[in-house]
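Novice: Can you keep this structure in mind? I'll have questions shortly.
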Amino acid sequence: QLQLVESGGGLEAPGGSLRLSCTASGFTLNYYAIGWFRQAPGKEREGVACISGSGGATHYADSVKGRFTISRDNDKNTVYLQMNSLKPEDTAIYYCAADHLFTTVQAMCVEGKYSYWGQGTQVTVSS
């Protein structure tokens with residue numbers, strides 16, 4: 001059974017940092033492109049950051065460029081999202097998703113067409 005589990009969410013003050021992890025079980029992440037998405041109440045889901053299987057290609061939403069970094073450790077079967085300089089508008093449920101790369105990393109990030117999804121982890125940025 002293919003599963004993705006997110007962790008690392010929580011409550012953080014504005015300007016702070018959090019690191020989210022997405023760990024896979026039942027399959028090897030090496031061959032999959034991974035995306036981090038978020039959805040805030042009343043808003044559409046947004047592709048935050050995405051990465052190819054090799055890690056050689058990444059894409060970031062304009063809203064997080066320069067603040068968030070996606071990376072992967074294939075030996076640990078885990079993908080990370082380092083979030084710095086957090087803002088209240090970053091508050092959302094964050095999901096990771098996986099699929100084989102069938103188009104560009106950017107297109108997959110924008111369109112959100114991934115086959116496997118985790119359950120999400122809540123990130124709240126508030127003072």
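Chains: A, B, ... in order of the structure tokens. Residues: from 1 per chain. Ligands: from 1, in order shown.
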Need to verify the contact set: Gly10 in chain A, 8 Å, only C-alpha atoms, exclusion of same-chain residues closer than 4 positions in sequence. Can you return it as a ChimeraX atom specification?
Specialist: /A:121-124
Novice: Go ahead and write the selection's residues with C-alpha atoms as a short mmCIF file (atom, residue, chain, number, x, y, z; two decimals), in the first residue's frame.
Specialist:
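Result file result-v8.cif:
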```
data_model
loop_
_atom_site.label_atom_id
_atom_site.label_comp_id
_atom_site.auth_asym_id
_atom_site.auth_seq_id
_atom_site.Cartn_x
_atom_site.Cartn_y
_atom_site.Cartn_z
CA THR A 121 -0.35 18.67 8.38
CA GLN A 122 -1.62 21.94 9.82
CA VAL A 123 0.65 24.97 9.79
CA THR A 124 -0.51 28.01 11.75
#
```
Novice: Taking the DSSP assignment computed from this structure's backbone, write out as a PyMOL selection string all residues of range 24-89 of chain A that belong to strand (DSSP E).
Specialist: chain A and resi 24-25+33-39+46-51+58-60+68-73+78-83
Novice: Between CA of Leu20 in chain A and CA of Ile70 in chain A, measure the distance and give it in Å to one decimal.
Specialist: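 It comes out at 9.5 Å.
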Novice: Measure the distance from CA of Leu81 in chain A to CA of Phe68 in chain A in Å and round it to one decimal.
Specialist: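 About the pair CA of Leu81 in chain A and CA of Phe68 in chain A: they are 6.7 Å apart.
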Novice: Rounded to one decimal, what separation in Å do you get between CA of Asp75 in chain A and CA of Gly112 in chain A?
Specialist: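 Separation of CA of Asp75 in chain A and CA of Gly112 in chain A: 25.4 Å.
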Novice: Check the smallest atom-to-atom distance from each of A:Gln3, A:Ala33, A:Asn84, A:Gly15 to Thr103 in chain A using only C-alpha atoms, then report the winner.
Specialist: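 Result for the nearest residue to Thr103 in chain A: A:Ala33.
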Novice: Restricting the calculation to only C-alpha atoms, which member of A:Val125, A:Cys96, A:Met83, A:Val48 is positioned closest to Val110 in chain A?
Specialist: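 Smallest separation from Val110 in chain A among the options: A:Val48.
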Novice: Measuring between only C-alpha atoms, which one of A:Ser52, A:Gln82, A:Thr58, A:Ser25 shows the shortest distance to Leu2 in chain A?
Specialist: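 The closest residue to Leu2 in chain A is A:Ser25.
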Novice: Could you write out, as an MDAnalysis selection string, all the residues of chain A that DSSP marks as helix (DSSP H, G or I)?
Specialist: chainID A and resid 29:31 74:76 88:90 105:111
Novice: Write out, as a PDB file, in the first residue's frame, the residues just selected, with N, CA, C and O atoms.
Specialist:
```
ATOM      1  N   LEU A  29      10.637   6.582  -3.188  1.00  0.00           N
ATOM      2  CA  LEU A  29      10.396   7.922  -3.711  1.00  0.00           C
ATOM      3  C   LEU A  29      11.334   8.323  -4.835  1.00  0.00           C
ATOM      4  O   LEU A  29      11.053   9.265  -5.562  1.00  0.00           O
ATOM      5  N   ASN A  30      12.449   7.604  -4.977  1.00  0.00           N
ATOM      6  CA  ASN A  30      13.470   7.978  -5.955  1.00  0.00           C
ATOM      7  C   ASN A  30      12.887   8.258  -7.334  1.00  0.00           C
ATOM      8  O   ASN A  30      13.364   9.143  -8.041  1.00  0.00           O
ATOM      9  N   TYR A  31      11.867   7.498  -7.728  1.00  0.00           N
ATOM     10  CA  TYR A  31      11.378   7.578  -9.097  1.00  0.00           C
ATOM     11  C   TYR A  31      10.174   8.497  -9.240  1.00  0.00           C
ATOM     12  O   TYR A  31       9.550   8.548 -10.292  1.00  0.00           O
ATOM     13  N   ASN A  74      16.667  10.814  -0.784  1.00  0.00           N
ATOM     14  CA  ASN A  74      16.121   9.557  -1.288  1.00  0.00           C
ATOM     15  C   ASN A  74      16.554   8.361  -0.441  1.00  0.00           C
ATOM     16  O   ASN A  74      15.848   7.351  -0.377  1.00  0.00           O
ATOM     17  N   ASP A  75      17.685   8.473   0.234  1.00  0.00           N
ATOM     18  CA  ASP A  75      18.111   7.377   1.116  1.00  0.00           C
ATOM     19  C   ASP A  75      17.141   7.208   2.284  1.00  0.00           C
ATOM     20  O   ASP A  75      16.971   6.104   2.800  1.00  0.00           O
ATOM     21  N   LYS A  76      16.541   8.311   2.702  1.00  0.00           N
ATOM     22  CA  LYS A  76      15.576   8.267   3.805  1.00  0.00           C
ATOM     23  C   LYS A  76      14.145   8.221   3.307  1.00  0.00           C
ATOM     24  O   LYS A  76      13.210   8.245   4.112  1.00  0.00           O
ATOM     25  N   PRO A  88       1.628  35.152   8.391  1.00  0.00           N
ATOM     26  CA  PRO A  88       0.288  34.649   8.723  1.00  0.00           C
ATOM     27  C   PRO A  88      -0.426  34.051   7.510  1.00  0.00           C
ATOM     28  O   PRO A  88      -1.194  33.091   7.663  1.00  0.00           O
ATOM     29  N   GLU A  89      -0.180  34.586   6.333  1.00  0.00           N
ATOM     30  CA  GLU A  89      -0.842  34.062   5.131  1.00  0.00           C
ATOM     31  C   GLU A  89      -0.313  32.696   4.708  1.00  0.00           C
ATOM     32  O   GLU A  89      -0.828  32.091   3.768  1.00  0.00           O
ATOM     33  N   ASP A  90       0.718  32.196   5.377  1.00  0.00           N
ATOM     34  CA  ASP A  90       1.184  30.833   5.127  1.00  0.00           C
ATOM     35  C   ASP A  90       0.352  29.801   5.879  1.00  0.00           C
ATOM     36  O   ASP A  90       0.534  28.596   5.687  1.00  0.00           O
ATOM     37  N   VAL A 105       8.080  19.849 -14.171  1.00  0.00           N
ATOM     38  CA  VAL A 105       7.836  20.023 -12.741  1.00  0.00           C
ATOM     39  C   VAL A 105       6.912  21.207 -12.510  1.00  0.00           C
ATOM     40  O   VAL A 105       6.003  21.159 -11.677  1.00  0.00           O
ATOM     41  N   GLN A 106       7.118  22.280 -13.265  1.00  0.00           N
ATOM     42  CA  GLN A 106       6.282  23.463 -13.105  1.00  0.00           C
ATOM     43  C   GLN A 106       4.832  23.146 -13.424  1.00  0.00           C
ATOM     44  O   GLN A 106       3.923  23.528 -12.682  1.00  0.00           O
ATOM     45  N   ALA A 107       4.589  22.437 -14.518  1.00  0.00           N
ATOM     46  CA  ALA A 107       3.217  22.133 -14.920  1.00  0.00           C
ATOM     47  C   ALA A 107       2.526  21.265 -13.867  1.00  0.00           C
ATOM     48  O   ALA A 107       1.363  21.487 -13.522  1.00  0.00           O
ATOM     49  N   MET A 108       3.248  20.273 -13.366  1.00  0.00           N
ATOM     50  CA  MET A 108       2.652  19.412 -12.346  1.00  0.00           C
ATOM     51  C   MET A 108       2.347  20.203 -11.089  1.00  0.00           C
ATOM     52  O   MET A 108       1.352  19.950 -10.413  1.00  0.00           O
ATOM     53  N   CYS A 109       3.195  21.165 -10.775  1.00  0.00           N
ATOM     54  CA  CYS A 109       2.989  21.975  -9.576  1.00  0.00           C
ATOM     55  C   CYS A 109       1.768  22.867  -9.726  1.00  0.00           C
ATOM     56  O   CYS A 109       0.968  23.001  -8.810  1.00  0.00           O
ATOM     57  N   VAL A 110       1.648  23.479 -10.877  1.00  0.00           N
ATOM     58  CA  VAL A 110       0.543  24.412 -11.119  1.00  0.00           C
ATOM     59  C   VAL A 110      -0.785  23.657 -11.227  1.00  0.00           C
ATOM     60  O   VAL A 110      -1.801  24.082 -10.688  1.00  0.00           O
ATOM     61  N   GLU A 111      -0.754  22.520 -11.921  1.00  0.00           N
ATOM     62  CA  GLU A 111      -1.998  21.788 -12.168  1.00  0.00           C
ATOM     63  C   GLU A 111      -2.358  20.839 -11.036  1.00  0.00           C
ATOM     64  O   GLU A 111      -3.517  20.436 -10.922  1.00  0.00           O
TER      65      GLU A 111
END
```
Novice: Please list as a list in words every residue within 7 Å of Ala49 in chain A, counting only C-alpha atoms and excluding residues in the same chain fewer than 4 positions away.
Specialist: Gly35, Trp36, His59, Tyr60, Ala61, Ile70 and Cys109 of chain A
Novice: Would you save the residues from that selection as a CSV table (one decimal), in the first residue's frame, using all heavy atoms?
Specialist:
```csv
chain,number,residue,atom,x,y,z
A,35,GLY,N,5.4,17.0,-4.8
A,35,GLY,CA,4.9,18.4,-4.7
A,35,GLY,C,4.4,18.6,-3.3
A,35,GLY,O,3.8,17.7,-2.6
A,36,TRP,N,4.6,19.8,-2.8
A,36,TRP,CA,4.0,20.3,-1.6
A,36,TRP,C,2.9,21.3,-2.0
A,36,TRP,O,3.1,22.2,-2.7
A,36,TRP,CB,5.0,21.0,-0.7
A,36,TRP,CG,5.9,20.1,0.1
A,36,TRP,CD1,7.1,19.8,-0.2
A,36,TRP,CD2,5.5,19.5,1.3
A,36,TRP,NE1,7.6,18.9,0.8
A,36,TRP,CE2,6.6,18.7,1.7
A,36,TRP,CE3,4.4,19.4,2.1
A,36,TRP,CZ2,6.7,17.9,2.9
A,36,TRP,CZ3,4.4,18.6,3.3
A,36,TRP,CH2,5.5,17.9,3.6
A,59,HIS,N,10.3,23.9,-8.6
A,59,HIS,CA,9.4,25.0,-9.0
A,59,HIS,C,8.8,25.5,-7.7
A,59,HIS,O,8.5,24.7,-6.8
A,59,HIS,CB,8.3,24.6,-9.9
A,59,HIS,CG,7.3,25.6,-10.2
A,59,HIS,ND1,7.5,26.7,-11.0
A,59,HIS,CD2,6.1,25.8,-9.6
A,59,HIS,CE1,6.5,27.5,-11.0
A,59,HIS,NE2,5.6,27.0,-10.2
A,60,TYR,N,8.7,26.8,-7.6
A,60,TYR,CA,8.1,27.4,-6.4
A,60,TYR,C,7.0,28.4,-6.8
A,60,TYR,O,7.2,29.1,-7.8
A,60,TYR,CB,9.2,28.2,-5.6
A,60,TYR,CG,10.3,27.3,-5.0
A,60,TYR,CD1,11.5,27.1,-5.7
A,60,TYR,CD2,10.1,26.8,-3.7
A,60,TYR,CE1,12.4,26.3,-5.2
A,60,TYR,CE2,11.1,26.0,-3.2
A,60,TYR,CZ,12.3,25.7,-3.9
A,60,TYR,OH,13.2,24.9,-3.4
A,61,ALA,N,6.0,28.5,-6.0
A,61,ALA,CA,5.0,29.5,-6.2
A,61,ALA,C,5.7,30.9,-5.9
A,61,ALA,O,6.5,31.0,-5.0
A,61,ALA,CB,3.8,29.3,-5.2
A,70,ILE,N,12.5,23.3,-1.1
A,70,ILE,CA,12.1,21.9,-1.1
A,70,ILE,C,13.4,21.1,-1.4
A,70,ILE,O,14.3,21.5,-2.2
A,70,ILE,CB,11.1,21.7,-2.2
A,70,ILE,CG1,10.6,20.2,-2.1
A,70,ILE,CG2,11.6,22.0,-3.6
A,70,ILE,CD1,9.4,19.9,-3.0
A,109,CYS,N,3.2,21.2,-10.8
A,109,CYS,CA,3.0,22.0,-9.6
A,109,CYS,C,1.8,22.9,-9.7
A,109,CYS,O,1.0,23.0,-8.8
A,109,CYS,CB,4.2,22.8,-9.3
A,109,CYS,SG,4.7,23.1,-7.6
```
Novice: Would you list the contacts of Ala98 in chain A as a list in words, taking every protein, DNA or RNA residue within 6 Å and counting only C-alpha atoms, but skipping same-chain residues closer than 6 positions in sequence?
Specialist: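 In the requested format, the answer is Tyr32, Ala33, Ile34, Tyr114 and Tyr116 of chain A.
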Novice: Which residue gives the smallest distance to Cys50 in chain A among A:Lys113, A:Glu12, A:Ala92, A:Leu86, with only C-alpha atoms counted?
Specialist: A:Lys113
Novice: Env of Val79 in chain A: 6 Å cut, atoms = only C-alpha atoms, seq-sep filter 3 positions within chain, self excluded. Answer as a PyMOL selection string.
Specialist: chain A and resi 21-22+71-72
Novice: Between A:Leu101, A:Leu18, A:Ala24, A:Val64, which is the closest to Glu6 in chain A once you count only C-alpha atoms?
Specialist: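 Between A:Leu101, A:Leu18, A:Ala24, A:Val64, the residue approaching Glu6 in chain A most closely is A:Ala24.
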Novice: Restricting the calculation to only C-alpha atoms: of A:Leu4, A:Lys87, A:Tyr80, A:Pro41, which residue gets closest to Ser63 in chain A?
Specialist: A:Lys87
